[in-house]
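> Please read through the structure below; I'll follow up with questions.
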Amino acid sequence: MRYVSTRGGEDSLSFEQAVLTGLAPNGGLYIPHTVPTLPPNWDSLWASYSFQDLSHAILSLYIPESEISSTDLRDLVNKSYATFRHPEVAPLNPIKDKEFVLELWHGPTFAFKDVALQFLGNLFEFFLQRKNEGKSGSYRETLTVLGATSGDTGSAAIYGLRSKADVDIFILHPKNRVSPIQEAQMTTITDSNVHNIAVKATFDDCQDIVKSLFADKAFNEKYHLGAVNSINWARILAQMVYYFLAYFHVKKQLEKIDSDATIQFVVPTGNFGDVLAGWYAKRMGLPAERLVVATNSNDILARFWASGRYEKPPASTSTVTGGVLETLSPAMDILVSSNFERLLWYLAYDSLAGSLSSDDGERRRVACKTVKGWMDNVKADGRAVVSEEVLALARKDFVAEKVDDAQTIETIQAYYKAENGFSDASYIADPHTAVGLTAARRLAGNNPPSVQQVILSTAHPAKFSEAVTRALAPLSASFNFEREVMPEEFQGLLQKERKVIDIEKPEVGLVKDAIVKALVASGKVFSEASGV
Ligand SMILES: *Cc1c(COP(=O)(O)O)cnc(C)c1O
């Protein structure tokens, strides 16, 4: 299996190269040359597999044994999911008739990003160890992972990479603009290779600084920058697994009731990574209804499925400069969805089935050119418009729903009250999960009776105290966030010792100096004068 860029050009890459490179030099994203199909007997063979077994089976289809041996892959997978608190890793919780919540937040930082980032951290370590075998001192290759976060990605990446040999991680966050729990989750990690940088600025400023450092060729080459953002192929790959796990668990739970059941996955989405992983699972052959893309008011995806226009919102409609709206589900507050480009490639490729089916090489070249054209348009004019045919293909596999903050609050309340006669169970949903639950309910009425909904739950509610308290405090005078929502792991977190580098102004030079200084202090770089 080789990897190619959505915008064409260059030769194909190995899995290792695709993971370590992140973004292609021409701005494209890496995709597998072909989407593998499932082994013929997968449905019976995999039926009783654990999360780890499934992960090994699925990842093996995308990672050649010549790159990572089967035994090494198994070790990587086992190590990555040993940090999860739940034995099933991603348990399926039946909360109503025909409604299941797939809980993806039982990892170290209580958000779904752990599923991918625990694995990516171990993968980075594995590749570096291999390169560094028998080398010592300054001959060892090191990796400087750099990222900006508005909350979830930062802590999940830090937990994925803490204490790994030959890797340092620098995470920029906007000072006092991430939730107190999220800030504490990041800054209370005191491992010597973990560096939090709090910048007195906005998240967008932090992201701009990170982008300029990646674009700084001399700096990048000297410090071997690595990216952990959601365009990294390994993250998408790791996330395919729980769609299969959920499929088998739903089947098991329904065995005696309804053998014709089909699954409708409902996915709260921002950068289109999580739901794209589900689409790959479906394309590989996992039986599923159209995937539901659930967005908050940052609805570029919902607008695409309504109109065929992939278009940034006009800047004037926003409350914040740049056009991103601040919502109660901040991990989905995006302007454009970076992984969407991957789907666009397949739409372009599939739309050429009639005209170019006999010349696959040419068909791929045209698909890459089409994608490049669309992305150039987004960059230049803020929008790309696809043909009716491409839109029809997109609608064959997805439906999209937009959910605003008021509906998010109502849904958190409704599930807490456990209304609609479903037993006496009460469920406290985080605001991202509530976006998914709302979309699911809207669609449920039109579903045939055999359809079972699986809503992906992307965070533990304790991470988003503002939304949860705003929803639940008015319902009951005795509602107590600490007692009813906070897991014991969070108790005392806010009081723990912190390690953080403060930067007073959003200036690239200041961040660069701080990074070099920290690397020198950790012995990874020998002197500041060796110069960039
Ligand atoms: C990152 C994140 C999302 C969005 O995931 P994408 O892959 O960007 O679509 C949803 N919910 C939570 C809690 C997240 O952290």
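Just remember, in the structure tokens the first chain shown is A, the second B, etc., residues are 1-based per chain, and ligands are 1-based in the order shown.
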Compute the set of protein, DNA and RNA residues whose minimum atom distance to ligand 1 is at most 7 Å, using only C-alpha atoms and all ligand atoms, and state it as number ranges by chain.

A: 111-113, 152-153, 230, 268-275, 331-332, 432, 458-459

> Could you save the residues just selected, with all heavy atoms, as a short mmCIF file (atom, residue, chain, number, x, y, z; two decimals), in the first residue's frame?


```
data_model
loop_
_atom_site.label_atom_id
_atom_site.label_comp_id
_atom_site.auth_asym_id
_atom_site.auth_seq_id
_atom_site.Cartn_x
_atom_site.Cartn_y
_atom_site.Cartn_z
N ALA A 111 -11.49 12.67 25.83
CA ALA A 111 -12.06 13.11 24.55
C ALA A 111 -11.69 12.10 23.47
O ALA A 111 -10.72 11.35 23.60
CB ALA A 111 -11.55 14.49 24.17
N PHE A 112 -12.46 12.09 22.39
CA PHE A 112 -12.28 11.03 21.39
C PHE A 112 -10.92 11.12 20.69
O PHE A 112 -10.46 10.14 20.11
CB PHE A 112 -13.43 11.05 20.37
CG PHE A 112 -13.12 11.76 19.09
CD1 PHE A 112 -12.79 11.05 17.95
CD2 PHE A 112 -13.17 13.13 19.01
CE1 PHE A 112 -12.51 11.68 16.76
CE2 PHE A 112 -12.89 13.79 17.82
CZ PHE A 112 -12.55 13.06 16.69
N LYS A 113 -10.29 12.27 20.75
CA LYS A 113 -9.01 12.41 20.05
C LYS A 113 -7.94 11.46 20.61
O LYS A 113 -6.98 11.15 19.92
CB LYS A 113 -8.54 13.87 20.09
CG LYS A 113 -9.42 14.75 19.21
CD LYS A 113 -8.91 16.16 19.11
CE LYS A 113 -9.69 16.95 18.07
NZ LYS A 113 -11.12 17.15 18.44
N ASP A 152 -9.05 20.53 22.95
CA ASP A 152 -8.94 19.07 22.99
C ASP A 152 -7.69 18.49 22.34
O ASP A 152 -7.09 17.56 22.88
CB ASP A 152 -10.15 18.45 22.31
CG ASP A 152 -11.31 18.32 23.28
OD1 ASP A 152 -11.11 18.61 24.47
OD2 ASP A 152 -12.39 17.93 22.84
N THR A 153 -7.31 18.99 21.17
CA THR A 153 -6.19 18.38 20.47
C THR A 153 -4.92 18.46 21.29
O THR A 153 -4.14 17.51 21.37
CB THR A 153 -5.93 19.08 19.12
OG1 THR A 153 -7.16 19.10 18.42
CG2 THR A 153 -4.90 18.35 18.30
N SER A 230 -5.28 17.16 12.60
CA SER A 230 -6.18 16.08 12.20
C SER A 230 -6.05 15.69 10.74
O SER A 230 -6.74 14.80 10.27
CB SER A 230 -7.62 16.44 12.53
OG SER A 230 -8.14 17.34 11.58
N PRO A 268 -20.88 14.07 15.21
CA PRO A 268 -20.62 15.51 15.38
C PRO A 268 -19.27 15.86 14.76
O PRO A 268 -18.27 15.20 15.06
CB PRO A 268 -20.61 15.70 16.90
CG PRO A 268 -20.48 14.36 17.51
CD PRO A 268 -20.88 13.34 16.48
N THR A 269 -19.26 16.85 13.91
CA THR A 269 -18.10 17.06 13.05
C THR A 269 -17.60 18.48 13.02
O THR A 269 -18.39 19.43 13.04
CB THR A 269 -18.46 16.68 11.60
OG1 THR A 269 -18.92 15.35 11.58
CG2 THR A 269 -17.27 16.79 10.69
N GLY A 270 -16.28 18.62 12.96
CA GLY A 270 -15.67 19.92 12.76
C GLY A 270 -14.75 19.86 11.55
O GLY A 270 -15.08 20.32 10.47
N ASN A 271 -13.60 19.23 11.73
CA ASN A 271 -12.64 19.12 10.64
C ASN A 271 -12.89 17.95 9.71
O ASN A 271 -12.07 17.64 8.86
CB ASN A 271 -11.22 19.03 11.21
CG ASN A 271 -10.57 20.39 11.25
OD1 ASN A 271 -10.82 21.22 10.38
ND2 ASN A 271 -9.74 20.63 12.25
N PHE A 272 -14.00 17.26 9.89
CA PHE A 272 -14.41 16.17 8.99
C PHE A 272 -13.49 14.96 9.09
O PHE A 272 -13.43 14.14 8.18
CB PHE A 272 -14.47 16.68 7.53
CG PHE A 272 -15.35 15.84 6.64
CD1 PHE A 272 -16.73 15.86 6.79
CD2 PHE A 272 -14.82 15.02 5.65
CE1 PHE A 272 -17.55 15.09 5.98
CE2 PHE A 272 -15.64 14.24 4.82
CZ PHE A 272 -17.00 14.29 4.99
N GLY A 273 -12.77 14.81 10.23
CA GLY A 273 -11.89 13.66 10.35
C GLY A 273 -12.64 12.42 10.81
O GLY A 273 -12.55 11.35 10.19
N ASP A 274 -13.40 12.59 11.87
CA ASP A 274 -14.09 11.47 12.48
C ASP A 274 -15.08 10.83 11.50
O ASP A 274 -15.09 9.62 11.29
CB ASP A 274 -14.82 12.00 13.72
CG ASP A 274 -15.11 10.91 14.72
OD1 ASP A 274 -14.72 9.76 14.49
OD2 ASP A 274 -15.76 11.22 15.75
N VAL A 275 -15.89 11.65 10.86
CA VAL A 275 -16.91 11.11 9.96
C VAL A 275 -16.27 10.55 8.69
O VAL A 275 -16.75 9.58 8.10
CB VAL A 275 -18.00 12.18 9.67
CG1 VAL A 275 -17.48 13.31 8.81
CG2 VAL A 275 -19.22 11.54 9.01
N ALA A 331 -14.91 22.49 20.07
CA ALA A 331 -14.01 21.63 19.29
C ALA A 331 -14.49 21.48 17.85
O ALA A 331 -13.79 20.89 17.02
CB ALA A 331 -13.88 20.26 19.95
N MET A 332 -15.67 22.01 17.55
CA MET A 332 -16.16 21.96 16.16
C MET A 332 -16.28 23.37 15.57
O MET A 332 -16.91 23.55 14.54
CB MET A 332 -17.51 21.25 16.12
CG MET A 332 -17.47 19.91 16.85
SD MET A 332 -18.80 18.80 16.44
CE MET A 332 -20.22 19.76 16.89
N HIS A 432 -20.91 18.50 22.35
CA HIS A 432 -20.63 17.97 21.01
C HIS A 432 -21.49 16.75 20.73
O HIS A 432 -22.11 16.63 19.67
CB HIS A 432 -19.14 17.60 20.88
CG HIS A 432 -18.22 18.73 21.20
ND1 HIS A 432 -17.91 19.07 22.50
CD2 HIS A 432 -17.59 19.63 20.41
CE1 HIS A 432 -17.11 20.12 22.49
NE2 HIS A 432 -16.90 20.48 21.24
N THR A 458 -18.22 12.27 21.65
CA THR A 458 -16.82 12.64 21.45
C THR A 458 -16.13 13.21 22.69
O THR A 458 -14.92 13.39 22.66
CB THR A 458 -16.70 13.64 20.29
OG1 THR A 458 -17.62 14.71 20.50
CG2 THR A 458 -17.01 12.97 18.96
N ALA A 459 -16.86 13.51 23.73
CA ALA A 459 -16.18 14.01 24.94
C ALA A 459 -16.99 13.70 26.19
O ALA A 459 -18.21 13.54 26.14
CB ALA A 459 -15.95 15.52 24.84
#
```

> Enumerate, as a PyMOL selection string, the complete set of residues in region 213-462 of chain A that a backbone-based DSSP assignment places in alpha helix (DSSP H).

chain A and resi 213-215+217-223+233-254+273-284+300-307+340-351+353-356+360-381+388-397+405-417+431-444

> Determine which residues of region 161-392 of chain A receive a DSSP assignment of strand (DSSP E), computed from the backbone, and state them as a PyMOL selection string.

chain A and resi 167-174+194-199+225-226+262-268+291-295+309-311+383-385

> For those residues, write N, CA, C and O atoms to a file as a compact mmCIF listing (two decimals), in the first residue's frame.


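Okay, this is what ended up in again01.txt:
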```txt
# COMPACT_ATOMS: atom_id res chain seq x y z
N VAL A 167 11.55 12.73 21.29
CA VAL A 167 10.47 13.62 20.83
C VAL A 167 10.26 14.72 21.86
O VAL A 167 10.20 14.45 23.06
N ASP A 168 10.16 15.96 21.38
CA ASP A 168 9.68 17.04 22.24
C ASP A 168 8.38 17.55 21.65
O ASP A 168 8.21 17.57 20.43
N ILE A 169 7.45 17.92 22.51
CA ILE A 169 6.20 18.44 22.00
C ILE A 169 5.95 19.85 22.53
O ILE A 169 6.08 20.10 23.74
N PHE A 170 5.62 20.75 21.62
CA PHE A 170 5.31 22.14 21.96
C PHE A 170 3.87 22.42 21.54
O PHE A 170 3.53 22.29 20.36
N ILE A 171 3.04 22.77 22.51
CA ILE A 171 1.65 23.08 22.18
C ILE A 171 1.35 24.52 22.58
O ILE A 171 1.51 24.92 23.73
N LEU A 172 0.91 25.29 21.60
CA LEU A 172 0.54 26.69 21.84
C LEU A 172 -0.95 26.76 22.15
O LEU A 172 -1.76 26.16 21.43
N HIS A 173 -1.31 27.47 23.20
CA HIS A 173 -2.73 27.73 23.41
C HIS A 173 -2.93 29.21 23.74
O HIS A 173 -2.02 29.86 24.26
N PRO A 174 -4.10 29.74 23.40
CA PRO A 174 -4.37 31.15 23.71
C PRO A 174 -4.59 31.30 25.22
O PRO A 174 -5.47 30.65 25.78
N VAL A 194 7.61 17.77 27.44
CA VAL A 194 6.33 18.44 27.16
C VAL A 194 6.45 19.93 27.46
O VAL A 194 6.87 20.31 28.55
N HIS A 195 6.11 20.76 26.48
CA HIS A 195 6.25 22.21 26.64
C HIS A 195 4.96 22.90 26.24
O HIS A 195 4.59 22.90 25.06
N ASN A 196 4.28 23.47 27.21
CA ASN A 196 3.10 24.27 26.90
C ASN A 196 3.50 25.72 26.74
O ASN A 196 4.24 26.26 27.56
N ILE A 197 2.99 26.33 25.68
CA ILE A 197 3.27 27.75 25.47
C ILE A 197 1.94 28.49 25.49
O ILE A 197 1.07 28.26 24.64
N ALA A 198 1.77 29.36 26.47
CA ALA A 198 0.54 30.16 26.58
C ALA A 198 0.82 31.51 25.94
O ALA A 198 1.66 32.27 26.41
N VAL A 199 0.11 31.80 24.85
CA VAL A 199 0.34 33.05 24.13
C VAL A 199 -0.81 34.01 24.45
O VAL A 199 -1.98 33.63 24.36
N LEU A 225 10.39 19.26 12.36
CA LEU A 225 9.05 19.48 12.90
C LEU A 225 8.10 18.36 12.50
O LEU A 225 8.15 17.86 11.37
N GLY A 226 7.27 17.97 13.41
CA GLY A 226 6.25 16.95 13.14
C GLY A 226 4.89 17.51 13.51
O GLY A 226 4.77 18.32 14.44
N THR A 262 -30.17 -2.16 10.27
CA THR A 262 -29.03 -1.48 9.66
C THR A 262 -28.66 -0.30 10.56
O THR A 262 -29.48 0.13 11.38
N ILE A 263 -27.44 0.19 10.39
CA ILE A 263 -26.96 1.23 11.29
C ILE A 263 -26.84 2.57 10.60
O ILE A 263 -26.34 2.67 9.48
N GLN A 264 -27.30 3.59 11.29
CA GLN A 264 -27.09 4.97 10.84
C GLN A 264 -26.14 5.63 11.84
O GLN A 264 -26.50 5.87 12.98
N PHE A 265 -24.91 5.88 11.40
CA PHE A 265 -23.94 6.55 12.26
C PHE A 265 -24.18 8.05 12.20
O PHE A 265 -24.32 8.62 11.12
N VAL A 266 -24.19 8.68 13.38
CA VAL A 266 -24.39 10.13 13.44
C VAL A 266 -23.15 10.73 14.11
O VAL A 266 -22.80 10.36 15.23
N VAL A 267 -22.49 11.63 13.40
CA VAL A 267 -21.16 12.06 13.84
C VAL A 267 -21.07 13.57 13.98
O VAL A 267 -21.15 14.31 12.99
N PRO A 268 -20.88 14.07 15.21
CA PRO A 268 -20.62 15.51 15.38
C PRO A 268 -19.27 15.86 14.76
O PRO A 268 -18.27 15.20 15.06
N LEU A 291 -24.04 8.30 6.14
CA LEU A 291 -23.47 8.85 7.37
C LEU A 291 -24.06 10.24 7.63
O LEU A 291 -24.27 11.01 6.70
N VAL A 292 -24.31 10.52 8.89
CA VAL A 292 -24.89 11.82 9.23
C VAL A 292 -23.80 12.76 9.73
O VAL A 292 -23.12 12.48 10.72
N VAL A 293 -23.63 13.86 9.02
CA VAL A 293 -22.68 14.90 9.36
C VAL A 293 -23.43 15.92 10.22
O VAL A 293 -24.33 16.58 9.74
N ALA A 294 -23.09 16.00 11.51
CA ALA A 294 -23.80 16.94 12.40
C ALA A 294 -22.87 18.10 12.74
O ALA A 294 -21.82 17.90 13.36
N THR A 295 -23.23 19.30 12.32
CA THR A 295 -22.39 20.46 12.59
C THR A 295 -23.06 21.38 13.60
O THR A 295 -24.27 21.31 13.80
N ARG A 309 -22.12 24.13 -2.74
CA ARG A 309 -21.10 25.18 -2.62
C ARG A 309 -20.31 24.96 -1.33
O ARG A 309 -20.90 24.90 -0.25
N TYR A 310 -19.01 24.84 -1.47
CA TYR A 310 -18.15 24.73 -0.29
C TYR A 310 -17.58 26.11 -0.06
O TYR A 310 -16.67 26.56 -0.77
N GLU A 311 -18.16 26.83 0.89
CA GLU A 311 -17.97 28.27 0.94
C GLU A 311 -17.79 28.78 2.36
O GLU A 311 -18.60 28.50 3.24
N ARG A 383 -14.60 30.17 -1.97
CA ARG A 383 -15.61 29.15 -2.28
C ARG A 383 -15.22 28.27 -3.46
O ARG A 383 -14.46 28.68 -4.34
N ALA A 384 -15.75 27.04 -3.44
CA ALA A 384 -15.67 26.17 -4.61
C ALA A 384 -17.09 25.66 -4.87
O ALA A 384 -17.85 25.43 -3.92
N VAL A 385 -17.44 25.53 -6.13
CA VAL A 385 -18.78 25.06 -6.48
C VAL A 385 -18.64 23.77 -7.28
O VAL A 385 -17.93 23.74 -8.28
```

> Under the rule that only C-alpha atoms are counted, which of A:Leu344, A:Leu61, A:Ala434, A:Leu391 is the nearest residue to Ala471 (chain A)?

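Going through A:Leu344, A:Leu61, A:Ala434, A:Leu391 one by one, the smallest distance to Ala471 (chain A) is for A:Ala434.
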
> For Thr411 (chain A), which residue among A:Ile58, A:Glu389, A:Ala467, A:Gly445 is the nearest when counting only C-alpha atoms?

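With only C-alpha atoms as the atom set, the closest residue is A:Ala467.
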
> I'd like the contact shell of region 100-107 of chain A - 8 Å cut-off, only C-alpha atoms, skipping same-chain residues fewer than 3 positions apart - returned as a list in words.

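The filter keeps Tyr81, Thr83, Phe84, Arg85, His86, Val89, Ala90, Pro91, Leu92, Asn93, Pro94, Ile95, Lys96, Phe110, Ala111, Phe112, Lys113, Asp114, Val115, Ala246, Gln452, Gln453, Val454, Ile455, Leu456, Ser457, Thr458, Ala459 and His460 of chain A.
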